[in-house]
$ cat work23.tsv   # TSV, C-alpha atoms and all ligand atoms
chain	number	residue	atom	x	y	z
Y	1	MET	CA	14.99	14.36	-23.82
Y	2	SER	CA	15.17	10.78	-22.50
Y	3	LEU	CA	12.26	9.38	-20.54
Y	4	VAL	CA	12.79	7.35	-17.37
Y	5	LEU	CA	9.89	5.36	-15.96
Y	6	ILE	CA	10.22	4.64	-12.22
Y	7	SER	CA	7.98	2.11	-10.46
Y	8	GLY	CA	7.55	2.95	-6.75
Y	9	GLY	CA	9.27	6.26	-7.45
Y	10	THR	CA	7.27	8.00	-4.72
Y	11	GLY	CA	9.29	6.28	-1.95
Y	12	LEU	CA	12.52	7.10	-0.12
Y	13	ILE	CA	14.95	6.00	-2.83
Y	14	GLY	CA	12.77	6.96	-5.82
Y	15	THR	CA	12.36	10.55	-4.63
Y	16	ASN	CA	16.12	11.05	-4.47
Y	17	ILE	CA	16.72	9.36	-7.84
Y	18	THR	CA	13.99	11.52	-9.42
Y	19	GLN	CA	15.65	14.72	-8.16
Y	20	LYS	CA	18.99	13.64	-9.63
Y	21	LEU	CA	17.47	12.65	-12.98
Y	22	VAL	CA	15.51	15.90	-13.30
Y	23	LYS	CA	18.68	17.91	-12.56
Y	24	LYS	CA	20.37	16.04	-15.43
Y	25	GLY	CA	17.54	16.93	-17.83
Y	26	TYR	CA	15.59	13.65	-17.91
Y	27	GLN	CA	11.81	13.47	-18.09
Y	28	VAL	CA	10.54	11.21	-15.29
Y	29	VAL	CA	7.24	9.32	-15.12
Y	30	ILE	CA	6.46	7.57	-11.84
Y	31	LEU	CA	4.29	4.46	-11.74
Y	32	THR	CA	2.12	4.66	-8.62
Y	33	ARG	CA	-0.94	2.93	-7.17
Y	34	ASN	CA	-2.55	6.24	-6.27
Y	35	ASP	CA	-3.96	9.32	-8.02
Y	36	ARG	CA	-1.27	11.97	-7.90
Y	37	THR	CA	-0.48	15.24	-9.64
Y	38	SER	CA	2.91	16.87	-10.08
Y	39	THR	CA	3.88	20.53	-9.88
Y	40	ASN	CA	7.21	19.85	-11.59
Y	41	PRO	CA	6.93	19.90	-15.42
Y	42	SER	CA	9.71	17.28	-15.68
Y	43	VAL	CA	7.85	14.78	-13.47
Y	44	SER	CA	4.48	13.13	-14.01
Y	45	PHE	CA	2.57	10.16	-12.59
Y	46	SER	CA	0.94	7.17	-14.21
Y	47	LYS	CA	-1.43	4.96	-12.25
Y	48	TRP	CA	-1.04	1.20	-12.40
Y	49	ASP	CA	-2.97	-1.63	-10.79
Y	50	ILE	CA	-0.67	-4.53	-10.05
Y	51	ASP	CA	-3.32	-6.94	-8.73
Y	52	ASN	CA	-5.42	-6.52	-11.87
Y	53	GLN	CA	-2.29	-6.32	-14.08
Y	54	ILE	CA	-3.18	-2.90	-15.53
Y	55	ILE	CA	-0.44	-0.61	-16.85
Y	56	ASP	CA	-0.19	2.06	-19.56
Y	57	GLU	CA	1.49	-0.06	-22.25
Y	58	GLU	CA	1.96	2.89	-24.61
Y	59	LEU	CA	3.88	4.71	-21.90
Y	60	VAL	CA	6.12	1.68	-21.30
Y	61	ALA	CA	6.82	1.53	-25.05
Y	62	THR	CA	8.08	5.15	-25.00
Y	63	ALA	CA	10.43	4.73	-22.03
Y	64	ASP	CA	14.18	4.94	-22.71
Y	65	TYR	CA	14.98	3.53	-19.28
Y	66	ILE	CA	13.04	1.83	-16.47
Y	67	ILE	CA	13.88	1.80	-12.77
Y	68	HIS	CA	11.94	-0.75	-10.72
Y	69	LEU	CA	11.60	0.05	-7.00
Y	70	ALA	CA	7.99	-0.87	-6.20
Y	71	GLY	CA	7.31	-3.16	-3.29
Y	72	ALA	CA	5.65	-3.26	0.12
Y	73	ASN	CA	8.04	-1.92	2.77
Y	74	VAL	CA	9.91	-4.77	4.50
Y	75	ALA	CA	10.49	-2.93	7.80
Y	76	GLU	CA	7.10	-1.25	8.23
Y	77	LYS	CA	4.98	-4.02	9.77
Y	78	ARG	CA	5.44	-7.36	11.51
Y	79	TRP	CA	5.85	-10.25	9.08
Y	80	SER	CA	2.48	-11.97	9.41
Y	81	LYS	CA	1.61	-14.58	6.78
Y	82	LYS	CA	-0.46	-11.93	4.98
Y	83	ARG	CA	2.33	-9.34	5.11
Y	84	LYS	CA	4.90	-11.82	3.78
Y	85	LYS	CA	2.59	-12.54	0.84
Y	86	GLU	CA	2.31	-8.81	0.21
Y	87	ILE	CA	6.10	-8.23	0.45
Y	88	LEU	CA	6.78	-10.96	-2.11
Y	89	GLY	CA	3.72	-10.49	-4.34
Y	90	SER	CA	4.13	-6.72	-4.67
Y	91	ARG	CA	7.61	-7.23	-6.11
Y	92	VAL	CA	7.10	-10.31	-8.26
Y	93	LYS	CA	3.70	-9.36	-9.69
Y	94	SER	CA	4.84	-5.80	-10.46
Y	95	GLY	CA	7.97	-7.17	-12.12
Y	96	GLU	CA	5.91	-9.56	-14.23
Y	97	LEU	CA	3.52	-6.78	-15.23
Y	98	LEU	CA	6.42	-4.57	-16.34
Y	99	CYS	CA	8.00	-7.47	-18.26
Y	100	LYS	CA	4.78	-8.29	-20.10
Y	101	ALA	CA	4.40	-4.67	-21.20
Y	102	ILE	CA	8.07	-4.33	-22.18
Y	103	LEU	CA	8.09	-7.50	-24.27
Y	104	LYS	CA	5.23	-6.18	-26.41
Y	105	ASN	CA	7.57	-3.48	-27.73
Y	106	THR	CA	11.30	-3.60	-27.01
Y	107	ASN	CA	12.37	-1.08	-29.66
Y	108	ARG	CA	13.21	1.85	-27.43
Y	109	LEU	CA	14.21	0.55	-23.99
Y	110	LYS	CA	17.97	0.79	-23.40
Y	111	ALA	CA	18.28	-0.43	-19.80
Y	112	PHE	CA	16.24	-1.69	-16.86
Y	113	VAL	CA	17.62	-1.16	-13.36
Y	114	SER	CA	15.92	-2.96	-10.48
Y	115	ALA	CA	16.22	-2.85	-6.72
Y	116	SER	CA	17.03	-6.06	-4.94
Y	117	ALA	CA	18.35	-6.54	-1.42
Y	118	ILE	CA	21.25	-8.07	0.47
Y	119	GLY	CA	18.62	-10.26	2.14
Y	120	TRP	CA	19.56	-12.50	-0.83
Y	121	TYR	CA	22.61	-13.75	1.13
Y	122	GLY	CA	21.21	-14.60	4.56
Y	123	PRO	CA	23.41	-14.32	7.66
Y	124	ASP	CA	27.21	-14.52	7.79
Y	125	PRO	CA	28.48	-17.99	8.71
Y	126	GLU	CA	29.34	-18.06	12.42
Y	127	ILE	CA	33.13	-18.11	12.04
Y	128	PRO	CA	35.71	-15.38	12.72
Y	129	ASN	CA	36.17	-12.98	9.78
Y	130	PRO	CA	33.69	-14.58	7.35
Y	131	THR	CA	34.31	-14.08	3.63
Y	132	PRO	CA	32.23	-11.10	2.44
Y	133	PHE	CA	29.23	-12.03	0.28
Y	134	ARG	CA	29.87	-11.57	-3.43
Y	135	GLU	CA	27.38	-11.31	-6.26
Y	136	GLU	CA	27.90	-14.84	-7.61
Y	137	MET	CA	26.95	-16.49	-4.31
Y	138	PRO	CA	23.64	-18.41	-4.19
Y	139	HIS	CA	20.59	-17.08	-2.38
Y	140	PHE	CA	19.87	-18.14	1.19
Y	141	ASN	CA	16.87	-20.34	1.91
Y	142	ASP	CA	14.90	-18.13	4.32
Y	143	PHE	CA	11.98	-15.78	3.63
Y	144	LEU	CA	14.16	-12.85	2.48
Y	145	GLY	CA	16.56	-15.00	0.48
Y	146	ILE	CA	13.77	-16.75	-1.42
Y	147	SER	CA	11.89	-13.44	-1.91
Y	148	CYS	CA	14.98	-11.76	-3.39
Y	149	TYR	CA	15.51	-14.75	-5.69
Y	150	GLN	CA	11.91	-14.64	-6.96
Y	151	TRP	CA	12.05	-10.83	-7.27
Y	152	GLU	CA	15.22	-10.95	-9.38
Y	153	ASN	CA	14.01	-13.98	-11.31
Y	154	SER	CA	10.74	-12.27	-12.30
Y	155	LEU	CA	12.80	-9.92	-14.49
Y	156	GLN	CA	14.93	-12.40	-16.43
Y	157	SER	CA	12.81	-12.22	-19.61
Y	158	ILE	CA	14.06	-8.63	-20.02
Y	159	GLU	CA	17.64	-9.86	-20.31
Y	160	ARG	CA	16.58	-12.66	-22.66
Y	161	ALA	CA	15.03	-9.96	-24.90
Y	162	GLY	CA	18.49	-8.39	-25.20
Y	163	ILE	CA	17.87	-5.41	-22.90
Y	164	ARG	CA	20.60	-4.43	-20.44
Y	165	LEU	CA	19.39	-5.55	-16.99
Y	166	ILE	CA	21.01	-4.38	-13.75
Y	167	LYS	CA	20.01	-5.51	-10.26
Y	168	LEU	CA	21.27	-3.62	-7.22
Y	169	ARG	CA	21.34	-5.77	-4.07
Y	170	THR	CA	20.98	-2.94	-1.63
Y	171	GLY	CA	22.05	-2.74	2.01
Y	172	ILE	CA	20.47	-0.54	4.70
Y	173	VAL	CA	19.92	2.87	3.16
Y	174	LEU	CA	20.96	5.84	5.30
Y	175	SER	CA	18.97	9.02	4.69
Y	176	LYS	CA	17.84	12.06	6.61
Y	177	GLU	CA	14.38	11.68	5.06
Y	178	GLY	CA	13.52	8.38	6.80
Y	179	GLY	CA	14.35	4.67	6.83
Y	180	ALA	CA	16.59	3.01	9.42
Y	181	ILE	CA	18.38	6.14	10.73
Y	182	LYS	CA	15.10	7.71	11.82
Y	183	GLU	CA	14.42	4.68	14.05
Y	184	PHE	CA	18.00	4.46	15.39
Y	185	LYS	CA	17.90	8.16	16.33
Y	186	LYS	CA	14.76	7.98	18.47
Y	187	PRO	CA	16.27	6.59	21.75
Y	188	ILE	CA	19.53	8.52	21.25
Y	189	LYS	CA	17.57	11.78	21.39
Y	190	TYR	CA	16.78	10.82	25.01
Y	191	GLY	CA	20.42	9.89	25.71
Y	192	PHE	CA	20.18	6.10	25.16
Y	193	ALA	CA	22.33	4.37	22.55
Y	194	THR	CA	20.47	1.10	22.05
Y	195	VAL	CA	22.70	-1.67	20.74
Y	196	MET	CA	20.79	-4.61	19.25
Y	197	GLY	CA	21.60	-8.02	20.72
Y	198	ASN	CA	25.35	-8.37	21.37
Y	199	GLY	CA	26.06	-5.65	18.78
Y	200	LYS	CA	28.62	-7.78	16.94
Y	201	GLN	CA	26.47	-8.24	13.83
Y	202	MET	CA	27.90	-6.48	10.76
Y	203	VAL	CA	25.76	-3.76	9.17
Y	204	SER	CA	26.02	-3.39	5.39
Y	205	TRP	CA	24.83	0.16	4.72
Y	206	ILE	CA	24.89	2.78	1.93
Y	207	HIS	CA	24.27	6.54	1.91
Y	208	ILE	CA	21.19	7.43	-0.14
Y	209	ASP	CA	23.07	9.91	-2.36
Y	210	ASP	CA	25.59	7.22	-3.31
Y	211	LEU	CA	22.77	4.78	-4.01
Y	212	ALA	CA	20.78	7.24	-6.15
Y	213	ARG	CA	23.96	8.19	-8.07
Y	214	LEU	CA	24.58	4.47	-8.58
Y	215	TYR	CA	21.10	4.04	-10.13
Y	216	VAL	CA	21.79	6.91	-12.54
Y	217	THR	CA	25.28	5.58	-13.35
Y	218	ALA	CA	23.98	2.05	-13.95
Y	219	LEU	CA	21.33	3.45	-16.26
Y	220	GLU	CA	23.73	5.62	-18.30
Y	221	ASN	CA	26.87	3.48	-18.35
Y	222	ASN	CA	26.76	0.53	-20.77
Y	223	ARG	CA	29.45	-1.30	-18.78
Y	224	PHE	CA	26.95	-1.92	-15.97
Y	225	LYS	CA	25.20	-5.25	-16.45
Y	226	GLY	CA	23.97	-7.97	-14.09
Y	227	VAL	CA	24.05	-7.92	-10.28
Y	228	TYR	CA	25.91	-5.47	-8.02
Y	229	ASN	CA	25.99	-5.24	-4.25
Y	230	ALA	CA	24.98	-1.68	-3.38
Y	231	VAL	CA	26.78	-1.25	-0.04
Y	232	ALA	CA	29.52	1.07	1.17
Y	233	PRO	CA	33.10	-0.23	1.40
Y	234	ALA	CA	33.61	0.53	5.14
Y	235	LEU	CA	31.20	-1.69	7.04
Y	236	VAL	CA	30.86	-1.58	10.83
Y	237	ASN	CA	29.15	-3.73	13.43
Y	238	ASN	CA	25.87	-2.70	15.06
Y	239	ALA	CA	27.50	-1.53	18.33
Y	240	ASN	CA	30.00	0.71	16.52
Y	241	PHE	CA	27.25	1.98	14.22
Y	242	ILE	CA	25.05	3.02	17.16
Y	243	ARG	CA	28.04	4.46	19.08
Y	244	GLU	CA	29.10	6.62	16.12
Y	245	LEU	CA	25.55	7.88	15.65
Y	246	ALA	CA	25.25	8.63	19.38
Y	247	ARG	CA	28.68	10.33	19.43
Y	248	GLN	CA	27.73	12.58	16.52
Y	249	MET	CA	24.34	13.41	18.07
Y	250	LYS	CA	25.30	13.72	21.75
Y	251	GLY	CA	29.09	13.95	22.08
Y	252	LYS	CA	29.99	12.06	25.26
Y	253	PHE	CA	26.57	12.40	26.82
Y	254	PHE	CA	24.83	9.09	26.22
Y	255	THR	CA	24.36	5.76	27.96
Y	256	GLU	CA	24.80	2.53	26.04
Y	257	ILE	CA	22.12	-0.11	26.53
Y	258	LYS	CA	22.06	-3.58	25.02
Y	259	ILE	CA	18.60	-4.76	23.98
Y	260	PRO	CA	18.61	-8.57	24.40
Y	261	LYS	CA	17.84	-10.73	21.39
Y	262	SER	CA	14.85	-12.24	23.22
Y	263	VAL	CA	13.23	-8.82	23.69
Y	264	LEU	CA	13.75	-7.87	20.05
Y	265	LYS	CA	12.23	-11.19	18.96
Y	266	LEU	CA	9.24	-10.57	21.19
Y	267	VAL	CA	8.67	-7.02	19.95
Y	268	LEU	CA	9.50	-7.45	16.27
Y	269	GLY	CA	8.73	-11.14	15.68
Y	270	GLU	CA	10.48	-12.73	12.69
Y	271	MET	CA	11.34	-9.24	11.42
Y	272	SER	CA	13.93	-9.01	14.26
Y	273	ILE	CA	16.24	-10.85	11.88
Y	274	GLU	CA	16.64	-7.51	10.07
Y	275	VAL	CA	18.49	-5.95	13.04
Y	276	LEU	CA	20.05	-9.07	14.55
Y	277	LYS	CA	21.50	-10.69	11.44
Y	278	SER	CA	25.16	-10.15	10.62
Y	279	ALA	CA	25.72	-9.54	6.89
Y	280	THR	CA	29.17	-8.73	5.58
Y	281	VAL	CA	28.62	-7.79	1.94
Y	282	SER	CA	31.38	-6.93	-0.53
Y	283	SER	CA	31.31	-3.72	-2.58
Y	284	GLU	CA	34.39	-4.78	-4.54
Y	285	LYS	CA	32.58	-5.36	-7.84
Y	286	LEU	CA	31.25	-1.80	-7.77
Y	287	THR	CA	34.61	-0.23	-7.02
Y	288	GLN	CA	36.23	-2.39	-9.72
Y	289	GLU	CA	33.64	-0.98	-12.13
Y	290	GLY	CA	35.00	2.47	-11.25
Y	291	PHE	CA	32.15	3.65	-9.02
Y	292	ILE	CA	33.42	6.23	-6.53
Y	293	PHE	CA	31.59	6.53	-3.21
Y	294	GLN	CA	31.03	10.05	-1.97
Y	295	TYR	CA	30.37	8.60	1.51
Y	296	PRO	CA	32.63	5.55	1.88
Y	297	THR	CA	32.80	5.71	5.70
Y	298	LEU	CA	30.02	5.76	8.28
Y	299	SER	CA	31.31	8.92	9.96
Y	300	ALA	CA	31.20	10.83	6.64
Y	301	ALA	CA	27.70	9.49	5.85
Y	302	LEU	CA	26.34	10.38	9.30
Y	303	GLU	CA	27.90	13.85	9.23
Y	304	GLU	CA	25.98	14.62	6.04
Y	305	ILE	CA	22.76	13.12	7.39
Y	306	LEU	CA	22.83	14.79	10.79
Y	307	ASN	CA	23.81	18.24	9.53
W	1	LIG	N1	15.37	1.60	1.98
W	1	LIG	C1	16.19	0.55	2.19
W	1	LIG	O1	16.94	0.50	3.20
W	1	LIG	C2	16.24	-0.57	1.17
W	1	LIG	C3	17.20	-1.57	1.33
W	1	LIG	C4	17.24	-2.63	0.41
W	1	LIG	C5	16.36	-2.66	-0.66
W	1	LIG	N2	15.44	-1.67	-0.79
W	1	LIG	C6	14.47	-1.80	-1.89
W	1	LIG	O2	14.45	-0.66	-2.73
W	1	LIG	C7	13.11	-0.40	-3.16
W	1	LIG	C8	12.75	1.03	-2.83
W	1	LIG	O3	12.95	1.24	-1.45
W	1	LIG	P1	12.39	2.52	-0.66
W	1	LIG	O4	13.13	2.56	0.62
W	1	LIG	O5	12.36	3.69	-1.56
W	1	LIG	O6	10.91	1.99	-0.37
W	1	LIG	P2	9.60	2.82	0.05
W	1	LIG	O7	9.97	4.17	0.55
W	1	LIG	O8	8.81	1.93	0.93
W	1	LIG	O9	8.86	3.03	-1.36
W	1	LIG	C9	8.46	1.96	-2.16
W	1	LIG	C10	7.34	2.40	-3.08
W	1	LIG	O10	6.73	1.20	-3.57
W	1	LIG	C11	5.32	1.39	-3.69
W	1	LIG	N3	4.63	0.34	-2.92
W	1	LIG	C12	4.46	0.24	-1.58
W	1	LIG	N4	3.73	-0.84	-1.27
W	1	LIG	C13	3.42	-1.43	-2.45
W	1	LIG	C14	2.65	-2.57	-2.80
W	1	LIG	N5	2.07	-3.33	-1.88
W	1	LIG	N6	2.55	-2.88	-4.12
W	1	LIG	C15	3.15	-2.12	-5.06
W	1	LIG	N7	3.84	-1.00	-4.79
W	1	LIG	C16	4.00	-0.68	-3.50
W	1	LIG	C17	4.96	2.75	-3.08
W	1	LIG	O11	4.62	3.63	-4.17
W	1	LIG	P3	3.07	4.07	-4.43
W	1	LIG	O12	2.40	4.13	-3.08
W	1	LIG	O13	3.21	5.41	-5.06
W	1	LIG	O14	2.50	3.04	-5.32
W	1	LIG	C18	6.26	3.21	-2.40
W	1	LIG	O15	6.46	4.59	-2.53
W	1	LIG	C19	12.21	-1.41	-2.44
W	1	LIG	O16	11.85	-2.44	-3.31
W	1	LIG	C20	13.07	-1.92	-1.32
W	1	LIG	O17	12.79	-3.25	-0.94
W	1	LIG	C21	15.36	-0.63	0.09
$ encode --input "work23.tsv" --output "structure tokens"
Amino acid sequence: MSLVLISGGTGLIGTNITQKLVKKGYQVVILTRNDRTSTNPSVSFSKWDIDNQIIDEELVATADYIIHLAGANVAEKRWSKKRKKEILGSRVKSGELLCKAILKNTNRLKAFVSASAIGWYGPDPEIPNPTPFREEMPHFNDFLGISCYQWENSLQSIERAGIRLIKLRTGIVLSKEGGAIKEFKKPIKYGFATVMGNGKQMVSWIHIDDLARLYVTALENNRFKGVYNAVAPALVNNANFIRELARQMKGKFFTEIKIPKSVLKLVLGEMSIEVLKSATVSSEKLTQEGFIFQYPTLSAALEEILN
């Protein structure tokens, strides 16, 4: 039975991946900062301390695969100086800790799959129909772009050691368990479809089941190597996203309201970039690799999530 070690596996994405791996017969060990116990015999927890660089090195040496998801949530709190340090440090320091442990014994590890984010690319250029962002494009020079670069870069020694390294630059994950959809749904419940800014900004999204299947595919399939954009093929703009969600939740019975950019900036601070930025990201490399999306369109994804 192969062992998969998942850092940050207690979160939104890790929970779904764990379920899929267990169904396929894998043994899963989750690296967590807290004391936890499992009731599932196929899942266990191992405590690590990233700040003090403490990890169970023997456990790392027995892993067949590693999935790296750990990191302070980007959308949870305003981006104060302290929070920015935490967002970046939690990813880079945890990556470095994993690398150090892996390099002590590389005999068993077959692949390492890490989360990254489409924040790598920055905003679309302000021209009609911008070229979708592809994996070979350089990182943008803002907080998210630089953070994604340092996050991905912290793992390069794994590749140099000859281990298959895959990085999934992930878009906004749609799930019924939480994340962005939970927030978008709140005003719609009261009949208000709240479009952010002018609503023209493109949203690069992915259904959580497709993303979790992609992690498992990347882990199992030797063809997967390097960076992939983890976004669905049919992207929509923010206004159409919110309208489709409102239509599926309320039929015709909702009022559309535009929240001005200035208000969002006031309420969310620098983090407002997350909802105001247009990002058209290409999924072509994934589809060329043969990955088939179960939820390629927003309407299909929302139907599954809302039902
Ligand atoms: N969800 C999205 O829309 C999205 C989009 C793009 C990229 N991603 C990336 O995918 C990864 C997983 O996302 P997710 O949505 O599953 O995140 P999540 O629900 O916030 O879970 C992340 C996990 O990381 C651990 N963690 C939290 N703060 C930490 C800190 N300061 N230091 C170290 N570990 C910390 C936590 O595990 P413990 O408390 O058990 O330690 C947590 O369960 C993240 O790196 C995220 O940036 C997510």
$ residues_around --input "work23.tsv" --residues "segment 150-159 of chain Y" --least-positions-apart "4" --cutoff "12 Å" --atoms "only C-alpha atoms" --output "PyMOL selection string"
chain Y and resi 66-71+87-106+109-120+139-141+143-146+163-169+225-227
$ residues_around --input "work23.tsv" --residues "segment 209-217 of chain Y" --least-positions-apart "3" --cutoff "10 Å" --atoms "only C-alpha atoms" --output "VMD selection string"
chain Y and resid 13 to 21 24 67 113 to 115 166 to 168 170 to 171 173 to 175 206 220 to 224 230 to 232 286 291 to 296 301
$ residues_around --input "work23.tsv" --residues "segment 253-270 of chain Y" --least-positions-apart "3" --cutoff "12 Å" --atoms "all atoms listed in the file" --output "PyMOL selection string"
chain Y and resi 74-81+83-84+142-144+187-201+238-240+242-250+273-277
$ atom_distance --input "work23.tsv" --atom1 "atom CA of Pro125 of chain Y" --atom2 "atom CA of Ala279 of chain Y"
9.1 Å
$ closest_residue --input "work23.tsv" --among "Y:Asn107, Y:Asn34, Y:Thr297, Y:Asn52" --to "ligand LIG 1 (chain W)" --atoms "only C-alpha atoms and all ligand atoms"
Y:Asn34
$ atom_distance --input "work23.tsv" --atom1 "atom O6 of ligand LIG 1 (chain W)" --atom2 "atom CA of Ser278 of chain Y"
21.7 Å
$ residues_near_point --input "work23.tsv" --point "(0.2, 5.0, -10.8)" --cutoff "10 Å" --atoms "only C-alpha atoms" --output "ChimeraX atom specification"
/Y:7-10,29-36,44-50,54-56
$ atom_distance --input "work23.tsv" --atom1 "atom CA of Ala61 of chain Y" --atom2 "atom CA of Tyr26 of chain Y"
16.6 Å
$ axis_aligned_box --input "work23.tsv" --around "ligand LIG 1 (chain W)" --padding-each-side "5 Å" --output "AutoDock Vina command-line options"
--center_x 9.7 --center_y 1.0 --center_z -1.1 --size_x 25.2 --size_y 18.7 --size_z 18.5
$ build_atoms --input "work23.tsv" --residues "segment 278-289 of chain Y" --atoms "N, CA and C atoms" --output "mmCIF file, in the frame of the given file"
data_model
loop_
_atom_site.group_PDB
_atom_site.id
_atom_site.type_symbol
_atom_site.label_atom_id
_atom_site.label_comp_id
_atom_site.auth_asym_id
_atom_site.auth_seq_id
_atom_site.Cartn_x
_atom_site.Cartn_y
_atom_site.Cartn_z
ATOM 1 N N SER Y 278 23.889 -10.715 11.084
ATOM 2 C CA SER Y 278 25.160 -10.150 10.620
ATOM 3 C C SER Y 278 25.260 -10.394 9.117
ATOM 4 N N ALA Y 279 25.566 -9.361 8.340
ATOM 5 C CA ALA Y 279 25.720 -9.540 6.890
ATOM 6 C C ALA Y 279 26.899 -8.703 6.409
ATOM 7 N N THR Y 280 27.968 -9.408 6.086
ATOM 8 C CA THR Y 280 29.170 -8.730 5.580
ATOM 9 C C THR Y 280 29.148 -8.855 4.057
ATOM 10 N N VAL Y 281 28.838 -7.751 3.392
ATOM 11 C CA VAL Y 281 28.620 -7.790 1.940
ATOM 12 C C VAL Y 281 29.719 -6.983 1.239
ATOM 13 N N SER Y 282 30.264 -7.558 0.189
ATOM 14 C CA SER Y 282 31.380 -6.930 -0.530
ATOM 15 C C SER Y 282 30.912 -5.892 -1.533
ATOM 16 N N SER Y 283 31.610 -4.746 -1.566
ATOM 17 C CA SER Y 283 31.310 -3.720 -2.580
ATOM 18 C C SER Y 283 32.380 -3.719 -3.673
ATOM 19 N N GLU Y 284 33.224 -4.770 -3.660
ATOM 20 C CA GLU Y 284 34.390 -4.780 -4.540
ATOM 21 C C GLU Y 284 34.015 -4.679 -6.029
ATOM 22 N N LYS Y 285 32.944 -5.372 -6.414
ATOM 23 C CA LYS Y 285 32.580 -5.360 -7.840
ATOM 24 C C LYS Y 285 32.259 -3.925 -8.309
ATOM 25 N N LEU Y 286 31.600 -3.191 -7.424
ATOM 26 C CA LEU Y 286 31.250 -1.800 -7.770
ATOM 27 C C LEU Y 286 32.497 -0.940 -7.918
ATOM 28 N N THR Y 287 33.415 -1.074 -6.959
ATOM 29 C CA THR Y 287 34.610 -0.230 -7.020
ATOM 30 C C THR Y 287 35.476 -0.634 -8.227
ATOM 31 N N GLN Y 288 35.476 -1.941 -8.535
ATOM 32 C CA GLN Y 288 36.230 -2.390 -9.720
ATOM 33 C C GLN Y 288 35.628 -1.798 -10.993
ATOM 34 N N GLU Y 289 34.331 -1.566 -10.966
ATOM 35 C CA GLU Y 289 33.640 -0.980 -12.130
ATOM 36 C C GLU Y 289 33.937 0.518 -12.245
#
